[in-house]
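**Student:** Input input16.cif, format and content: mmCIF, C-alpha atoms.
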data_query
#
loop_
_atom_site.label_atom_id
_atom_site.label_comp_id
_atom_site.auth_asym_id
_atom_site.auth_seq_id
_atom_site.Cartn_x
_atom_site.Cartn_y
_atom_site.Cartn_z
CA MET G 1 -8.92 -41.16 -54.99
CA PRO G 2 -11.35 -43.83 -53.74
CA GLN G 3 -13.08 -43.09 -50.48
CA THR G 4 -13.97 -45.51 -47.72
CA ASP G 5 -16.47 -45.44 -44.91
CA LYS G 6 -14.08 -47.36 -42.69
CA GLN G 7 -13.47 -45.51 -39.45
CA ILE G 8 -10.23 -45.46 -37.54
CA CYS G 9 -10.73 -46.57 -33.95
CA ILE G 10 -8.46 -44.93 -31.42
CA PRO G 11 -7.99 -47.08 -28.30
CA PRO G 12 -9.18 -45.22 -25.18
CA GLU G 13 -5.91 -46.00 -23.41
CA LEU G 14 -3.79 -44.28 -26.10
CA PRO G 15 -3.66 -40.80 -24.44
CA GLU G 16 -2.44 -42.28 -21.15
CA LEU G 17 0.07 -44.47 -23.00
CA LEU G 18 1.50 -41.42 -24.79
CA LYS G 19 1.71 -39.48 -21.52
CA GLN G 20 3.72 -42.27 -19.91
CA PHE G 21 5.93 -42.50 -23.00
CA THR G 22 6.71 -38.77 -22.88
CA LYS G 23 7.60 -38.89 -19.18
CA ALA G 24 9.76 -41.98 -19.72
CA ALA G 25 11.59 -40.27 -22.59
CA ILE G 26 12.38 -37.25 -20.42
CA ARG G 27 13.66 -39.46 -17.61
CA SER G 28 15.71 -41.73 -19.88
CA GLN G 29 16.98 -39.04 -22.27
CA PRO G 30 17.85 -41.46 -25.11
CA GLN G 31 20.34 -40.32 -27.71
CA ASP G 32 18.35 -41.97 -30.51
CA LEU G 33 14.72 -41.27 -29.65
CA ILE G 34 13.30 -43.26 -32.58
CA GLN G 35 15.27 -46.40 -31.75
CA TRP G 36 14.44 -46.04 -28.07
CA ALA G 37 10.74 -45.57 -28.89
CA ALA G 38 10.78 -48.81 -30.90
CA GLU G 39 12.34 -50.63 -27.95
CA TYR G 40 9.92 -48.99 -25.52
CA PHE G 41 6.74 -49.94 -27.39
CA GLY G 42 8.19 -53.34 -28.30
CA ALA G 43 8.66 -54.11 -24.61
CA MET G 44 5.16 -52.85 -23.86
CA SER G 45 3.64 -55.11 -26.51
CA ARG G 46 5.44 -58.12 -25.02
CA GLY G 47 4.31 -57.28 -21.51
CA GLU G 48 7.86 -56.47 -20.44
CA ILE G 49 9.20 -53.53 -18.44
CA PRO G 50 10.08 -50.67 -20.83
CA PRO G 51 13.73 -49.50 -21.05
CA VAL G 52 13.39 -46.53 -18.70
CA ARG G 53 16.52 -45.28 -16.96
CA GLU G 54 16.40 -43.14 -13.86
CA GLN G 55 18.79 -40.22 -13.38
CA SER G 56 20.99 -42.22 -11.00
CA GLU G 57 21.58 -44.77 -13.75
CA ARG G 58 22.71 -42.21 -16.32
CA VAL G 59 26.31 -42.15 -15.20
CA ALA G 60 28.57 -41.06 -18.02
CA LEU G 61 31.34 -43.49 -18.90
CA SER G 62 33.62 -40.71 -20.07
CA ASN G 63 34.80 -37.31 -18.89
CA TRP G 64 31.49 -35.57 -19.46
CA ALA G 65 30.56 -32.99 -16.85
CA GLU G 66 27.41 -33.65 -14.85
CA LEU G 67 24.59 -31.22 -15.55
CA THR G 68 23.97 -28.94 -12.58
CA PRO G 69 21.93 -25.78 -11.94
CA GLU G 70 25.21 -23.88 -11.76
CA LEU G 71 26.21 -24.97 -15.27
CA LEU G 72 22.75 -24.14 -16.56
CA LYS G 73 23.12 -20.67 -15.06
CA ILE G 74 26.40 -20.24 -16.93
CA LEU G 75 24.71 -21.42 -20.12
CA HIS G 76 21.85 -18.98 -19.54
CA SER G 77 24.28 -16.09 -19.10
CA ARG G 78 25.94 -16.98 -22.40
CA VAL G 79 22.60 -16.97 -24.18
CA GLY G 80 22.57 -13.33 -23.18
CA GLY G 81 18.87 -12.70 -22.69
CA ARG G 82 17.84 -13.86 -26.15
CA LEU G 83 14.51 -15.65 -26.57
CA ILE G 84 15.62 -17.58 -29.65
CA VAL G 85 18.96 -19.35 -30.07
CA HIS G 86 20.26 -21.16 -33.15
CA ALA G 87 20.69 -24.89 -32.60
CA ASP G 88 24.32 -24.97 -33.79
CA GLU G 89 25.28 -22.11 -31.50
CA LEU G 90 23.58 -23.69 -28.50
CA ALA G 91 25.20 -27.05 -29.26
CA GLN G 92 28.59 -25.34 -29.26
CA MET G 93 27.90 -23.64 -25.92
CA TRP G 94 26.85 -27.01 -24.54
CA LYS G 95 30.03 -28.60 -25.85
CA VAL G 96 32.26 -25.91 -24.35
CA LEU G 97 30.79 -26.71 -20.92
CA ASN G 98 31.62 -30.37 -21.58
CA LEU G 99 28.04 -31.48 -21.04
CA PRO G 100 26.80 -34.86 -22.33
CA THR G 101 25.90 -34.89 -26.01
CA ASP G 102 23.19 -37.50 -25.49
CA LEU G 103 21.43 -35.22 -23.00
CA PHE G 104 21.47 -32.34 -25.49
CA ASN G 105 20.08 -34.59 -28.22
CA SER G 106 17.41 -35.90 -25.87
CA VAL G 107 16.21 -32.40 -24.95
CA MET G 108 16.17 -31.50 -28.65
CA ASN G 109 14.11 -34.59 -29.47
CA VAL G 110 11.63 -34.30 -26.62
CA GLY G 111 11.12 -30.60 -27.31
CA ARG G 112 10.94 -31.20 -31.06
CA PHE G 113 13.27 -28.28 -31.57
CA THR G 114 14.65 -27.47 -35.01
CA GLU G 115 17.15 -24.82 -36.07
CA GLU G 116 15.59 -21.99 -34.08
CA ILE G 117 15.21 -22.92 -30.40
CA GLU G 118 13.00 -21.18 -27.87
CA TRP G 119 15.55 -20.86 -25.09
CA LEU G 120 13.14 -20.93 -22.13
CA LYS G 121 11.54 -24.14 -23.38
CA PHE G 122 14.93 -25.77 -23.87
CA LEU G 123 16.00 -24.63 -20.41
CA ALA G 124 12.79 -25.97 -18.85
CA LEU G 125 13.34 -29.43 -20.34
CA ALA G 126 17.00 -29.43 -19.32
CA CYS G 127 15.96 -28.57 -15.77
CA SER G 128 13.35 -31.33 -15.82
CA SER G 129 16.19 -33.85 -16.08
CA LEU G 130 17.29 -32.64 -12.63
CA GLY G 131 13.87 -32.21 -11.03
CA VAL G 132 11.83 -35.21 -9.88
CA THR G 133 8.63 -33.17 -9.73
CA ILE G 134 7.26 -30.17 -11.59
CA ALA G 135 7.70 -28.03 -8.47
CA LYS G 136 11.33 -29.09 -8.21
CA THR G 137 11.88 -28.40 -11.91
CA LEU G 138 10.38 -24.91 -11.58
CA LYS G 139 12.48 -24.27 -8.49
CA ILE G 140 15.63 -25.07 -10.48
CA VAL G 141 14.49 -22.89 -13.38
CA CYS G 142 13.87 -19.99 -10.99
CA GLU G 143 17.33 -20.42 -9.50
CA VAL G 144 18.86 -20.36 -12.97
CA LEU G 145 16.89 -17.35 -14.19
CA SER G 146 16.98 -15.27 -11.01
CA SER G 147 19.23 -12.23 -11.17
CA ASP G 148 19.17 -11.69 -7.41
CA HIS G 149 22.60 -12.00 -5.87
CA ASP G 150 21.64 -11.36 -2.26
CA SER G 151 20.65 -13.92 0.35
CA GLY G 152 16.96 -13.72 -0.51
CA PRO G 153 15.05 -16.49 -2.30
CA PRO G 154 15.32 -16.67 -6.10
CA ARG G 155 12.52 -14.86 -7.89
CA ILE G 156 11.41 -14.28 -11.47
CA PRO G 157 8.59 -12.35 -13.20
CA PHE G 158 5.23 -14.07 -12.80
CA SER G 159 4.71 -13.91 -16.58
CA THR G 160 7.85 -16.04 -17.05
CA PHE G 161 6.69 -18.50 -14.39
CA GLN G 162 3.29 -18.70 -16.08
CA PHE G 163 4.89 -19.53 -19.42
CA LEU G 164 7.21 -22.15 -17.92
CA TYR G 165 4.59 -23.88 -15.76
CA THR G 166 2.15 -24.09 -18.66
CA TYR G 167 4.79 -25.54 -20.97
CA ILE G 168 6.15 -28.08 -18.48
CA ALA G 169 2.62 -29.21 -17.61
CA GLU G 170 1.84 -29.70 -21.31
CA VAL G 171 4.95 -31.82 -21.79
CA ASP G 172 4.21 -33.81 -18.64
CA GLY G 173 0.74 -34.56 -19.95
CA GLU G 174 -0.81 -35.57 -16.64
CA ILE G 175 -1.96 -32.18 -15.40
CA SER G 176 -5.18 -30.77 -16.78
CA ALA G 177 -5.23 -27.33 -18.35
CA SER G 178 -8.01 -26.36 -15.92
CA HIS G 179 -5.82 -27.22 -12.92
CA VAL G 180 -2.93 -25.19 -14.32
CA SER G 181 -5.29 -22.27 -14.91
CA ARG G 182 -6.67 -22.46 -11.35
CA MET G 183 -3.21 -22.51 -9.81
CA LEU G 184 -1.99 -19.60 -11.93
CA ASN G 185 -5.09 -17.54 -11.15
CA TYR G 186 -4.67 -18.17 -7.43
CA ILE G 187 -0.98 -17.29 -7.47
CA GLU G 188 -1.57 -14.13 -9.48
CA GLN G 189 -4.46 -12.90 -7.32
CA GLU G 190 -3.40 -14.04 -3.84
CA VAL G 191 0.37 -14.47 -3.86
CA ILE G 192 2.08 -12.09 -6.25
CA GLY G 193 2.96 -8.68 -4.83
CA PRO G 194 3.06 -5.28 -6.54
CA ASP G 195 6.48 -6.03 -8.04
CA GLY G 196 5.00 -8.81 -10.19
CA LEU G 197 7.65 -11.29 -9.08
CA ILE G 198 7.21 -14.83 -7.79
CA LYS G 199 9.61 -16.32 -5.25
CA VAL G 200 10.49 -19.99 -4.95
CA ASN G 201 8.84 -20.07 -1.51
CA ASP G 202 5.59 -18.87 -3.06
CA PHE G 203 5.04 -22.20 -4.79
CA THR G 204 7.13 -24.61 -2.72
CA GLN G 205 5.99 -23.68 0.80
CA ASN G 206 2.43 -22.48 0.21
CA PRO G 207 0.05 -25.40 1.03
CA ARG G 208 -2.62 -23.97 -1.26
CA VAL G 209 -0.34 -24.10 -4.28
CA ARG G 210 -0.33 -27.63 -5.69
CA LEU G 211 1.34 -27.60 -9.08
CA GLU G 212 0.71 -31.29 -9.78
#
What do you get writing this file as C-alpha cells?

**Tutor:**
Amino acid sequence: MPQTDKQICIPPELPELLKQFTKAAIRSQPQDLIQWAAEYFGAMSRGEIPPVREQSERVALSNWAELTPELLKILHSRVGGRLIVHADELAQMWKVLNLPTDLFNSVMNVGRFTEEIEWLKFLALACSSLGVTIAKTLKIVCEVLSSDHDSGPPRIPFSTFQFLYTYIAEVDGEISASHVSRMLNYIEQEVIGPDGLIKVNDFTQNPRVRLE
C-alpha cells in the first residue's frame, strides 16, 4: 500500500464542537441520531441555529407516559439489582411502562449501548434528560437508587456516586478529569461518614462541592 507524508490537520475547535454536539444530542434525544447529526452539522456549516430541542418542547403527540423519577425507580426495581441488562429485555420493560420509544432509542444511541447494557450508565443518561445540571441529574439518580424509605434524604454508596459522576462528566465533556478527581477526593475525605454513604445534601448544599 503506498504511503504518504501528508498529515491530517485536526481543527483546534473540533473538541469543543464535539462537546456541544454531545450535549445537544442528550437534550434533543433524536430517534434517528445519524439523521439528526447530519441536520445538526449541516445547520452549523450554514451558520444556522442547530436543531436542538429543549425538554419543554419534547411533548409527545400520543399517549406516551412522561418520564419521571418515580417511573425510573419502578424500572430500577424491575432490573432487580443486576449490573448488566439485555437490550431486548430493557426495551420491553420500557414499553410496559409506556415510555417514549424515541427517548429509549436516544439513550441507546448517546450511550453507544449494544446488546449488553450497563444499567447504571443507562440510568444516568435517562436521568440526564430530566436534570438541567449534573448536580440535578445526580440528585435524581440518588433518589432512584436510594433504598431508604424514611423521611431522611436519599443516599447511596460513595463508590456508586463516584462511578456515576465520572461517567456523566465524561459524557458532558466540559468538565476536566482533574476537577472531577478533586471533587471526589474532597467528598471522600471531608464529607463521607463511616457508613460510606453520600446524601443528596452532601453535594447539593455544600458550597465547597462544585460538580461543574

**Student:** Calculated over all atoms listed in the file, which of the candidates G:Gly193, G:Pro50, G:Tyr167, G:Ala135 has the smallest distance to Val209 in chain G?

**Tutor:**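 Among the listed residues, G:Ala135 lies closest to Val209 in chain G.
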
**Student:** Between G:Ala37, G:Leu125, G:Ala65, G:Leu120, which has the minimum distance to Ile84 in chain G (counting only C-alpha atoms)?

**Tutor:** G:Leu120

**Student:** What's around Ser106 in chain G at 9 Å? Count all atoms listed in the file, leave out sequence neighbours fewer than 4 positions away in its own chain, and write the answer as a PyMOL selection string.

**Tutor:** chain G and resi 25-26+28-33+101-102+110-111

**Student:** Of the candidates G:Ala87, G:Ala169, G:Leu72, G:Met183, which shows the shortest atom-to-atom distance to Ser146 in chain G, using all atoms listed in the file?

**Tutor:**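 Going through G:Ala87, G:Ala169, G:Leu72, G:Met183 one by one, the smallest distance to Ser146 in chain G is for G:Leu72.
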
**Student:** Find, counting all atoms listed in the file, the residue in G:Val200, G:Pro15, G:Glu66, G:Met93 that gets nearest to Arg78 in chain G.

**Tutor:** G:Met93

**Student:** As a check of understanding, name the residues that the PyMOL selection byres ((chain G and resi 85) around 9) selects in the supplied structure, as an mmCIF file with C-alpha atoms, in the coordinates of the input.

**Tutor:**
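Output (selection_7.cif):
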data_model
loop_
_atom_site.group_PDB
_atom_site.id
_atom_site.type_symbol
_atom_site.label_atom_id
_atom_site.label_comp_id
_atom_site.auth_asym_id
_atom_site.auth_seq_id
_atom_site.Cartn_x
_atom_site.Cartn_y
_atom_site.Cartn_z
ATOM 1 C CA VAL G 79 22.600 -16.970 -24.180
ATOM 2 C CA ARG G 82 17.840 -13.860 -26.150
ATOM 3 C CA LEU G 83 14.510 -15.650 -26.570
ATOM 4 C CA ILE G 84 15.620 -17.580 -29.650
ATOM 5 C CA HIS G 86 20.260 -21.160 -33.150
ATOM 6 C CA ALA G 87 20.690 -24.890 -32.600
ATOM 7 C CA ASP G 88 24.320 -24.970 -33.790
ATOM 8 C CA GLU G 89 25.280 -22.110 -31.500
ATOM 9 C CA LEU G 90 23.580 -23.690 -28.500
ATOM 10 C CA GLU G 115 17.150 -24.820 -36.070
ATOM 11 C CA GLU G 116 15.590 -21.990 -34.080
ATOM 12 C CA ILE G 117 15.210 -22.920 -30.400
ATOM 13 C CA GLU G 118 13.000 -21.180 -27.870
ATOM 14 C CA TRP G 119 15.550 -20.860 -25.090
#

**Student:** Run the PyMOL selection byres ((chain G and resi 176-182) around 10) against the file shown and list the residues it catches, as an MDAnalysis selection string.

**Tutor:** chainID G and resid 162 165:166 169:170 173:175 183:188 209:212

**Student:** Give me, please, the distance in Å between CA of Leu197 in chain G and CA of Phe158 in chain G, quoted to one decimal.

**Tutor:**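 Pair CA of Leu197 in chain G / CA of Phe158 in chain G returns 5.2 Å.
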
**Student:** G:Ala91, G:Ile49, G:Lys199, G:Glu13: which is nearest Gly152 in chain G, counting all atoms listed in the file?

**Tutor:**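 Between G:Ala91, G:Ile49, G:Lys199, G:Glu13, the residue approaching Gly152 in chain G most closely is G:Lys199.
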
**Student:** Using CA of Ile34 in chain G and CA of Val107 in chain G as the two end points, give the distance in Å to one decimal.

**Tutor:**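 Value for the CA of Ile34 in chain G-CA of Val107 in chain G distance: 13.6 Å.
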
**Student:** Using only C-alpha atoms, which of the listed residues (G:Ala126, G:Tyr40, G:Gly47, G:Met108) sits closest to Gln20 in chain G?

**Tutor:**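 The answer is G:Tyr40, which sits nearest to Gln20 in chain G.
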
**Student:** Rounded to one decimal place, report the CA of Lys73 in chain G-CA of Gln205 in chain G distance in Å.

**Tutor:** 23.5 Å
